[in-house]
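Have a look at model.txt below; it lists compact mmCIF, C-alpha atoms and all ligand atoms.
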```txt
# COMPACT_ATOMS: atom_id res chain seq x y z
CA MET S 1 114.93 94.25 117.93
CA THR S 2 117.14 97.30 118.44
CA ASP S 3 117.59 99.54 115.44
CA LEU S 4 121.20 99.47 114.34
CA ILE S 5 122.78 102.66 113.03
CA LEU S 6 126.02 102.49 111.08
CA ILE S 7 128.18 105.60 111.55
CA VAL S 8 130.64 106.00 108.70
CA GLU S 9 132.93 108.76 109.93
CA ASP S 10 136.70 109.16 110.01
CA GLU S 11 136.74 111.91 112.65
CA GLU S 12 137.08 109.62 115.61
CA ARG S 13 135.90 112.01 118.33
CA LEU S 14 132.87 113.07 116.34
CA ALA S 15 132.00 109.46 115.56
CA ARG S 16 132.18 108.51 119.24
CA LEU S 17 130.11 111.52 120.29
CA VAL S 18 127.41 110.69 117.76
CA ALA S 19 127.49 107.04 118.85
CA ASP S 20 126.99 108.10 122.49
CA TYR S 21 123.95 110.21 121.63
CA LEU S 22 122.43 107.49 119.47
CA THR S 23 123.04 104.90 122.18
CA ALA S 24 121.35 107.18 124.71
CA ALA S 25 118.40 107.43 122.32
CA GLY S 26 118.11 103.65 122.32
CA TYR S 27 119.88 102.73 119.09
CA GLY S 28 122.61 100.20 118.56
CA THR S 29 125.65 101.68 116.81
CA GLN S 30 128.68 100.65 114.81
CA ILE S 31 131.46 103.00 113.69
CA LEU S 32 133.46 102.48 110.52
CA ALA S 33 136.20 104.96 109.59
CA ASP S 34 137.35 103.33 106.37
CA GLY S 35 135.10 103.58 103.32
CA THR S 36 136.30 100.33 101.81
CA LEU S 37 134.73 98.30 104.61
CA VAL S 38 131.24 99.76 104.38
CA ALA S 39 129.46 97.86 101.60
CA ASP S 40 130.43 94.43 102.95
CA TRP S 41 129.48 95.43 106.47
CA VAL S 42 126.05 96.65 105.36
CA ARG S 43 125.47 93.45 103.40
CA ALA S 44 126.38 91.32 106.40
CA ASN S 45 124.64 93.31 109.14
CA GLN S 46 121.61 94.97 107.50
CA PRO S 47 121.63 98.20 109.54
CA THR S 48 118.44 100.24 110.01
CA LEU S 49 120.11 103.43 108.82
CA VAL S 50 123.52 104.63 107.63
CA LEU S 51 125.14 107.95 108.56
CA LEU S 52 127.57 108.58 105.77
CA ASP S 53 130.34 111.17 105.81
CA LEU S 54 131.22 112.58 102.41
CA MET S 55 135.01 112.82 102.79
CA LEU S 56 136.47 109.50 103.81
CA PRO S 57 139.68 107.57 103.35
CA GLY S 58 139.44 104.54 101.10
CA ARG S 59 136.19 105.16 99.31
CA ASP S 60 134.35 108.49 99.60
CA GLY S 61 130.73 108.95 100.66
CA LEU S 62 129.59 109.73 97.15
CA ASP S 63 130.77 106.43 95.72
CA LEU S 64 129.63 104.60 98.82
CA CYS S 65 126.13 105.99 98.54
CA ARG S 66 125.96 104.68 94.99
CA ASP S 67 127.40 101.33 96.06
CA LEU S 68 124.78 100.95 98.79
CA ARG S 69 121.88 102.04 96.59
CA ALA S 70 122.85 99.40 94.07
CA PHE S 71 121.80 96.65 96.47
CA SER S 72 120.03 98.20 99.46
CA PRO S 73 117.18 100.64 100.19
CA VAL S 74 118.66 101.33 103.67
CA PRO S 75 117.95 104.94 104.69
CA ILE S 76 121.08 107.05 104.29
CA ILE S 77 121.85 110.41 105.89
CA MET S 78 124.86 112.07 104.30
CA THR S 79 126.99 114.46 106.32
CA THR S 80 129.21 117.05 104.73
CA ALA S 81 131.44 119.86 105.94
CA ARG S 82 130.31 122.29 103.25
CA VAL S 83 126.75 123.55 103.02
CA GLU S 84 127.18 124.45 99.34
CA GLU S 85 128.08 120.82 98.73
CA ILE S 86 124.51 119.75 99.53
CA ASP S 87 122.96 121.30 96.45
CA ARG S 88 125.51 119.56 94.27
CA LEU S 89 124.82 116.24 96.02
CA LEU S 90 121.08 116.66 95.49
CA GLY S 91 121.72 117.26 91.81
CA LEU S 92 123.60 113.99 91.59
CA GLU S 93 120.54 112.09 92.82
CA LEU S 94 122.53 109.74 94.95
CA GLY S 95 119.41 108.50 96.65
CA ALA S 96 120.36 109.65 100.14
CA ASP S 97 117.35 110.35 102.37
CA ASP S 98 118.69 113.43 104.09
CA TYR S 99 121.74 115.68 104.15
CA VAL S 100 123.22 117.26 107.24
CA CYS S 101 125.87 119.94 107.29
CA LYS S 102 128.79 119.92 109.73
CA PRO S 103 129.23 121.13 112.31
CA TYR S 104 125.96 119.70 113.58
CA SER S 105 124.77 119.18 117.12
CA PRO S 106 124.54 115.48 117.99
CA ARG S 107 121.06 116.19 119.35
CA GLU S 108 119.96 117.58 115.99
CA LEU S 109 121.46 114.57 114.25
CA VAL S 110 119.49 112.18 116.46
CA ALA S 111 116.33 114.15 115.58
CA ARG S 112 117.16 113.75 111.90
CA VAL S 113 117.70 110.02 112.31
CA LYS S 114 114.31 109.69 113.98
CA ALA S 115 112.61 111.79 111.30
CA VAL S 116 114.12 109.77 108.45
CA LEU S 117 113.13 106.50 110.10
CA ARG S 118 109.58 107.78 110.71
CA ARG S 119 109.33 108.85 107.10
CA THR S 120 110.76 105.71 105.55
CA GLN S 121 108.78 103.43 107.85
CA ALA S 122 105.56 105.40 107.29
CA ALA S 123 106.01 104.96 103.55
CA THR S 124 105.47 101.24 103.98
CA GLY S 125 102.17 101.85 105.81
CA ALA S 126 98.67 101.28 104.47
CA GLN S 127 96.51 103.69 102.50
CA PRO S 128 94.81 106.11 104.86
CA GLY S 129 91.08 106.73 104.88
CA GLY S 130 90.26 103.15 103.93
CA GLU S 131 90.21 104.15 100.28
CA THR S 132 91.61 101.63 97.90
CA SER S 133 94.47 102.86 95.83
CA ALA S 134 95.54 100.97 92.74
CA LEU S 135 99.07 102.09 93.52
CA THR S 136 101.14 100.12 96.02
CA LEU S 137 104.41 101.44 97.40
CA ASP S 138 107.10 99.17 98.75
CA ALA S 139 109.68 101.16 100.69
CA SER S 140 111.94 98.17 101.19
CA THR S 141 112.59 97.91 97.45
CA LEU S 142 111.68 101.47 96.33
CA ARG S 143 109.30 99.83 93.88
CA VAL S 144 105.84 101.03 92.94
CA HIS S 145 103.19 98.62 91.71
CA TRP S 146 100.22 99.50 89.54
CA ARG S 147 97.82 96.88 88.18
CA GLY S 148 100.33 94.09 87.90
CA ARG S 149 103.17 96.27 86.73
CA ALA S 150 106.05 97.75 88.68
CA ILE S 151 108.74 100.38 88.40
CA GLU S 152 111.66 101.31 90.59
CA LEU S 153 112.18 104.83 91.87
CA THR S 154 115.09 106.69 93.41
CA ALA S 155 114.80 107.24 97.15
CA VAL S 156 113.94 110.90 96.62
CA GLU S 157 111.26 110.12 94.04
CA PHE S 158 109.88 107.41 96.29
CA SER S 159 109.68 109.74 99.27
CA LEU S 160 108.02 112.41 97.11
CA LEU S 161 105.43 109.97 95.83
CA ALA S 162 104.86 108.47 99.29
CA THR S 163 104.13 111.94 100.70
CA LEU S 164 101.61 112.81 97.98
CA HIS S 165 100.07 109.33 97.89
CA ALA S 166 99.50 109.28 101.66
CA ALA S 167 96.99 112.12 101.31
CA PRO S 168 95.21 111.72 97.97
CA GLY S 169 93.72 114.96 96.69
CA ARG S 170 95.58 117.14 99.13
CA ILE S 171 97.67 119.88 97.56
CA PHE S 172 101.25 120.06 98.77
CA SER S 173 103.20 123.24 98.15
CA ARG S 174 106.76 122.87 96.91
CA GLU S 175 107.92 124.22 100.23
CA ARG S 176 105.96 121.57 102.12
CA LEU S 177 107.38 118.86 99.90
CA MET S 178 110.87 120.18 100.44
CA GLU S 179 110.32 120.08 104.20
CA ARG S 180 109.13 116.52 103.95
CA ILE S 181 111.92 115.37 101.75
CA TYR S 182 114.86 117.50 102.79
CA ARG S 183 115.13 118.89 106.27
CA ASP S 184 117.66 121.32 104.77
CA HIS S 185 115.00 122.89 102.58
CA ARG S 186 116.67 126.29 102.86
CA VAL S 187 119.39 125.12 100.51
CA VAL S 188 117.08 123.41 98.04
CA SER S 189 115.43 125.45 95.33
CA ASP S 190 111.85 125.10 94.06
CA ARG S 191 113.31 123.89 90.83
CA THR S 192 114.86 120.89 92.56
CA ILE S 193 111.38 119.67 93.55
CA ASP S 194 110.07 120.41 90.06
CA SER S 195 112.85 118.44 88.48
CA HIS S 196 112.25 115.45 90.78
CA VAL S 197 108.52 115.63 90.10
CA LYS S 198 109.20 115.75 86.38
CA LYS S 199 111.29 112.59 86.52
CA LEU S 200 108.79 110.89 88.79
CA ARG S 201 105.93 111.72 86.42
CA ARG S 202 107.84 110.35 83.47
CA LYS S 203 108.25 107.05 85.31
CA LEU S 204 104.61 106.99 86.39
CA ASP S 205 103.58 107.69 82.80
CA ASP S 206 105.27 104.47 81.80
CA LEU S 207 103.58 102.63 84.63
CA ALA S 208 100.07 104.04 84.21
CA PRO S 209 99.86 105.61 80.75
CA GLU S 210 96.06 105.72 80.91
CA GLN S 211 96.05 108.48 83.47
CA GLU S 212 97.93 111.18 85.27
CA LEU S 213 98.61 110.45 88.91
CA ILE S 214 100.51 113.55 89.98
CA HIS S 215 98.74 116.77 89.16
CA SER S 216 100.25 120.22 89.02
CA VAL S 217 98.23 122.90 90.72
CA TYR S 218 99.33 126.02 88.95
CA GLY S 219 101.18 128.42 91.18
CA VAL S 220 100.60 126.25 94.24
CA GLY S 221 102.15 122.81 94.06
CA TYR S 222 101.20 119.20 93.47
CA ARG S 223 98.61 116.64 94.44
CA TYR S 224 98.14 112.92 93.94
CA GLU S 225 94.86 111.69 92.51
CA GLU S 226 93.78 108.57 90.69
CA GLY S 227 91.07 108.52 88.09
CA ALA S 228 90.79 112.28 87.71
CA GLU S 229 90.32 114.07 84.39
CA THR S 230 93.68 115.09 83.07
CA ALA S 231 93.10 116.97 79.83
CA LEU S 232 90.93 119.88 80.96
CA PRO S 233 90.10 121.50 84.25
CA LYS S 234 86.66 120.53 85.46
CA ASN S 235 83.87 123.10 85.34
CA PRO S 236 82.51 124.04 88.71
CA ALA S 237 79.26 122.19 89.42
CA CA Q 1 135.59 113.05 106.91
```
Is it possible to give me this structure as structure tokens?
Ligand code: CA
Amino acid sequence: MTDLILIVEDEERLARLVADYLTAAGYGTQILADGTLVADWVRANQPTLVLLDLMLPGRDGLDLCRDLRAFSPVPIIMTTARVEEIDRLLGLELGADDYVCKPYSPRELVARVKAVLRRTQAATGAQPGGETSALTLDASTLRVHWRGRAIELTAVEFSLLATLHAAPGRIFSRERLMERIYRDHRVVSDRTIDSHVKKLRRKLDDLAPEQELIHSVYGVGYRYEEGAETALPKNPA
């Protein structure tokens, strides 16, 4: 089945240009210029990904992103005309999967679409290395299961956890995590990652209070590990 990309964009020429590039890359496309039509359309057509412009007539991208997240885990790439807007959007935790600043090249946008789809589809994949993890991630619902219990994460938290969980024990620097989670890492500060990790840990604490799953590596970054000592650093053998 062809992946269907919904382009929510009121600049008609830009929307058509993006649609042409996506079509050439093998995607099906639909353009909507009016924000009020989007939620119903997504419900009815279940697109693979949504490109969402921030400034729209009818209902703006910010509200739309919240509307969509209330019922759908569909990957969302938000586009905005102001680069300084991105940091504010990140702070709002809308649950978009990526942010792209205008003007963008359609080629770059197609690359972003592919990257987001790779990332979100990889998150549904199996544990690598044949090791059994007690943690199960479901990208279609953004839910995380642990020994019969489950919690729901934001898309950013989910993507953060999926990255760490895919390589248990490996240390990821904040910069690496930013690259994985936001292609626009130049506009995201270290503290943004820290604040997402903090929220994620709080949720995981509720899910698995008996142990710490995300470990801070002082001055370096974070790693995922199950069943490790949490209170004290281990002595070297
Ligand atoms: Ca616009």
- List all protein, DNA and RNA residues that have any atom at most 10 Å from ligand CA 1 (chain Q), counting only C-alpha atoms and all ligand atoms, and write the list as a list of chain:residue names. S:Val8, S:Glu9, S:Asp10, S:Glu11, S:Glu12, S:Leu14, S:Ala33, S:Asp34, S:Leu52, S:Asp53, S:Leu54, S:Met55, S:Leu56, S:Pro57, S:Asp60, S:Gly61, S:Thr79, S:Thr80, S:Ala81
- Message: With all atoms listed in the file as the counted atoms, please give the residues lying no more than 7 Å from Thr136 in chain S, apart from itself and same-chain residues fewer than 6 positions off, as number ranges by chain.
- Response: S: 144-146
- Skip range 202-219 of chain S itself and residues of its chain fewer than 2 positions away, then list as a PyMOL selection string all residues within 7 Å of it, counting only C-alpha atoms. chain S and resi 146+149-151+198-200+221-227+230
Which residues are near range 28-31 of chain S? Cut-off 12 Å, only C-alpha atoms, ignore same chain within fewer than 4 positions. Put them as a PDB file with C-alpha atoms, keeping the file's coordinate frame.
```pdb
ATOM      1  CA  MET S   1     114.930  94.250 117.930  1.00  0.00           C
ATOM      2  CA  THR S   2     117.140  97.300 118.440  1.00  0.00           C
ATOM      3  CA  ASP S   3     117.590  99.540 115.440  1.00  0.00           C
ATOM      4  CA  LEU S   4     121.200  99.470 114.340  1.00  0.00           C
ATOM      5  CA  ILE S   5     122.780 102.660 113.030  1.00  0.00           C
ATOM      6  CA  LEU S   6     126.020 102.490 111.080  1.00  0.00           C
ATOM      7  CA  ILE S   7     128.180 105.600 111.550  1.00  0.00           C
ATOM      8  CA  VAL S   8     130.640 106.000 108.700  1.00  0.00           C
ATOM      9  CA  GLU S   9     132.930 108.760 109.930  1.00  0.00           C
ATOM     10  CA  ASP S  10     136.700 109.160 110.010  1.00  0.00           C
ATOM     11  CA  GLU S  11     136.740 111.910 112.650  1.00  0.00           C
ATOM     12  CA  GLU S  12     137.080 109.620 115.610  1.00  0.00           C
ATOM     13  CA  ARG S  13     135.900 112.010 118.330  1.00  0.00           C
ATOM     14  CA  LEU S  14     132.870 113.070 116.340  1.00  0.00           C
ATOM     15  CA  ALA S  15     132.000 109.460 115.560  1.00  0.00           C
ATOM     16  CA  ARG S  16     132.180 108.510 119.240  1.00  0.00           C
ATOM     17  CA  LEU S  17     130.110 111.520 120.290  1.00  0.00           C
ATOM     18  CA  VAL S  18     127.410 110.690 117.760  1.00  0.00           C
ATOM     19  CA  ALA S  19     127.490 107.040 118.850  1.00  0.00           C
ATOM     20  CA  ASP S  20     126.990 108.100 122.490  1.00  0.00           C
ATOM     21  CA  TYR S  21     123.950 110.210 121.630  1.00  0.00           C
ATOM     22  CA  LEU S  22     122.430 107.490 119.470  1.00  0.00           C
ATOM     23  CA  THR S  23     123.040 104.900 122.180  1.00  0.00           C
ATOM     24  CA  ALA S  24     121.350 107.180 124.710  1.00  0.00           C
ATOM     25  CA  GLY S  35     135.100 103.580 103.320  1.00  0.00           C
ATOM     26  CA  LEU S  37     134.730  98.300 104.610  1.00  0.00           C
ATOM     27  CA  VAL S  38     131.240  99.760 104.380  1.00  0.00           C
ATOM     28  CA  TRP S  41     129.480  95.430 106.470  1.00  0.00           C
ATOM     29  CA  VAL S  42     126.050  96.650 105.360  1.00  0.00           C
ATOM     30  CA  ASN S  45     124.640  93.310 109.140  1.00  0.00           C
ATOM     31  CA  GLN S  46     121.610  94.970 107.500  1.00  0.00           C
ATOM     32  CA  PRO S  47     121.630  98.200 109.540  1.00  0.00           C
ATOM     33  CA  THR S  48     118.440 100.240 110.010  1.00  0.00           C
ATOM     34  CA  LEU S  49     120.110 103.430 108.820  1.00  0.00           C
ATOM     35  CA  VAL S  50     123.520 104.630 107.630  1.00  0.00           C
ATOM     36  CA  LEU S  51     125.140 107.950 108.560  1.00  0.00           C
ATOM     37  CA  LEU S  52     127.570 108.580 105.770  1.00  0.00           C
ATOM     38  CA  ASP S  53     130.340 111.170 105.810  1.00  0.00           C
TER      39      ASP S  53
END
```
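When only C-alpha atoms are used to compute distances to Tyr99 in chain S, the closest of the residues S:Ile181, S:Leu137, S:Gln121, S:Asp194 turns out to be S:Ile181.
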- So how far away is CA of Thr154 in chain S from CA of Ala167 in chain S, in Å? 20.5 Å
- Item | Atomic distance CA of Ala111 in chain S - CA of Val220 in chain S, expressed in Å with one decimal |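 Result for CA of Ala111 in chain S versus CA of Val220 in chain S: 29.1 Å, one decimal.
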- Name the closest residue to Lys114 in chain S among the candidates S:Asp63, S:Glu85, S:Glu175, S:Asp98; distances are taken between atoms, counting all atoms listed in the file. S:Asp98
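Here CA of Met78 in chain S and CA of Leu164 in chain S stand 24.1 Å from one another.
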- Query: Using only C-alpha atoms, which of the listed residues (S:Ala44, S:Arg107, S:Leu62, S:Ala70) sits closest to Ala25 in chain S?
  - Reply: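 Ranked by minimum distance to Ala25 in chain S, first place goes to S:Arg107.
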- Write out as a PyMOL selection string the residues lying within 8 Å of Cys65 in chain S, counting only C-alpha atoms and excluding same-chain residues fewer than 5 positions away. chain S and resi 52+76+94-96
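Minimum distance to Asp138 in chain S across S:Leu64, S:Val110, S:Phe172, S:Pro73 (counting only C-alpha atoms) occurs at S:Pro73.
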Completion step: range 72-93 of chain S with N, CA and C atoms as a PDB file, keeping the file's coordinate frame:
```pdb
ATOM      1  N   SER S  72     120.778  98.046  98.214  1.00  0.00           N
ATOM      2  CA  SER S  72     120.030  98.200  99.460  1.00  0.00           C
ATOM      3  C   SER S  72     119.217  99.496  99.506  1.00  0.00           C
ATOM      4  N   PRO S  73     117.986  99.419 100.001  1.00  0.00           N
ATOM      5  CA  PRO S  73     117.180 100.640 100.190  1.00  0.00           C
ATOM      6  C   PRO S  73     117.389 101.241 101.579  1.00  0.00           C
ATOM      7  N   VAL S  74     118.437 100.830 102.299  1.00  0.00           N
ATOM      8  CA  VAL S  74     118.660 101.330 103.670  1.00  0.00           C
ATOM      9  C   VAL S  74     118.658 102.857 103.673  1.00  0.00           C
ATOM     10  N   PRO S  75     117.927 103.470 104.615  1.00  0.00           N
ATOM     11  CA  PRO S  75     117.950 104.940 104.690  1.00  0.00           C
ATOM     12  C   PRO S  75     119.367 105.452 104.924  1.00  0.00           C
ATOM     13  N   ILE S  76     119.735 106.491 104.184  1.00  0.00           N
ATOM     14  CA  ILE S  76     121.080 107.050 104.290  1.00  0.00           C
ATOM     15  C   ILE S  76     120.986 108.544 104.601  1.00  0.00           C
ATOM     16  N   ILE S  77     121.709 108.980 105.622  1.00  0.00           N
ATOM     17  CA  ILE S  77     121.850 110.410 105.890  1.00  0.00           C
ATOM     18  C   ILE S  77     123.304 110.766 105.587  1.00  0.00           C
ATOM     19  N   MET S  78     123.502 111.666 104.638  1.00  0.00           N
ATOM     20  CA  MET S  78     124.860 112.070 104.300  1.00  0.00           C
ATOM     21  C   MET S  78     125.251 113.288 105.106  1.00  0.00           C
ATOM     22  N   THR S  79     126.495 113.298 105.587  1.00  0.00           N
ATOM     23  CA  THR S  79     126.990 114.460 106.320  1.00  0.00           C
ATOM     24  C   THR S  79     128.149 115.059 105.544  1.00  0.00           C
ATOM     25  N   THR S  80     128.154 116.380 105.486  1.00  0.00           N
ATOM     26  CA  THR S  80     129.210 117.050 104.730  1.00  0.00           C
ATOM     27  C   THR S  80     129.642 118.314 105.440  1.00  0.00           C
ATOM     28  N   ALA S  81     130.901 118.690 105.253  1.00  0.00           N
ATOM     29  CA  ALA S  81     131.440 119.860 105.940  1.00  0.00           C
ATOM     30  C   ALA S  81     131.091 121.157 105.221  1.00  0.00           C
ATOM     31  N   ARG S  82     130.581 121.062 103.995  1.00  0.00           N
ATOM     32  CA  ARG S  82     130.310 122.290 103.250  1.00  0.00           C
ATOM     33  C   ARG S  82     128.845 122.346 102.842  1.00  0.00           C
ATOM     34  N   VAL S  83     128.185 123.426 103.285  1.00  0.00           N
ATOM     35  CA  VAL S  83     126.750 123.550 103.020  1.00  0.00           C
ATOM     36  C   VAL S  83     126.477 123.640 101.519  1.00  0.00           C
ATOM     37  N   GLU S  84     127.400 124.300 100.783  1.00  0.00           N
ATOM     38  CA  GLU S  84     127.180 124.450  99.340  1.00  0.00           C
ATOM     39  C   GLU S  84     127.332 123.114  98.605  1.00  0.00           C
ATOM     40  N   GLU S  85     127.922 122.152  99.310  1.00  0.00           N
ATOM     41  CA  GLU S  85     128.080 120.820  98.730  1.00  0.00           C
ATOM     42  C   GLU S  85     126.716 120.121  98.593  1.00  0.00           C
ATOM     43  N   ILE S  86     125.791 120.468  99.472  1.00  0.00           N
ATOM     44  CA  ILE S  86     124.510 119.750  99.530  1.00  0.00           C
ATOM     45  C   ILE S  86     123.728 119.877  98.231  1.00  0.00           C
ATOM     46  N   ASP S  87     123.700 121.082  97.692  1.00  0.00           N
ATOM     47  CA  ASP S  87     122.960 121.300  96.450  1.00  0.00           C
ATOM     48  C   ASP S  87     123.528 120.446  95.319  1.00  0.00           C
ATOM     49  N   ARG S  88     124.848 120.366  95.295  1.00  0.00           N
ATOM     50  CA  ARG S  88     125.510 119.560  94.270  1.00  0.00           C
ATOM     51  C   ARG S  88     125.142 118.074  94.461  1.00  0.00           C
ATOM     52  N   LEU S  89     125.147 117.643  95.723  1.00  0.00           N
ATOM     53  CA  LEU S  89     124.820 116.240  96.020  1.00  0.00           C
ATOM     54  C   LEU S  89     123.397 115.916  95.594  1.00  0.00           C
ATOM     55  N   LEU S  90     122.484 116.864  95.878  1.00  0.00           N
ATOM     56  CA  LEU S  90     121.080 116.660  95.490  1.00  0.00           C
ATOM     57  C   LEU S  90     120.977 116.481  93.990  1.00  0.00           C
ATOM     58  N   GLY S  91     121.736 117.312  93.266  1.00  0.00           N
ATOM     59  CA  GLY S  91     121.720 117.260  91.810  1.00  0.00           C
ATOM     60  C   GLY S  91     122.203 115.928  91.270  1.00  0.00           C
ATOM     61  N   LEU S  92     123.057 115.275  92.039  1.00  0.00           N
ATOM     62  CA  LEU S  92     123.600 113.990  91.590  1.00  0.00           C
ATOM     63  C   LEU S  92     122.622 112.842  91.797  1.00  0.00           C
ATOM     64  N   GLU S  93     121.549 113.121  92.560  1.00  0.00           N
ATOM     65  CA  GLU S  93     120.540 112.090  92.820  1.00  0.00           C
ATOM     66  C   GLU S  93     121.135 110.788  93.301  1.00  0.00           C
TER      67      GLU S  93
END
```
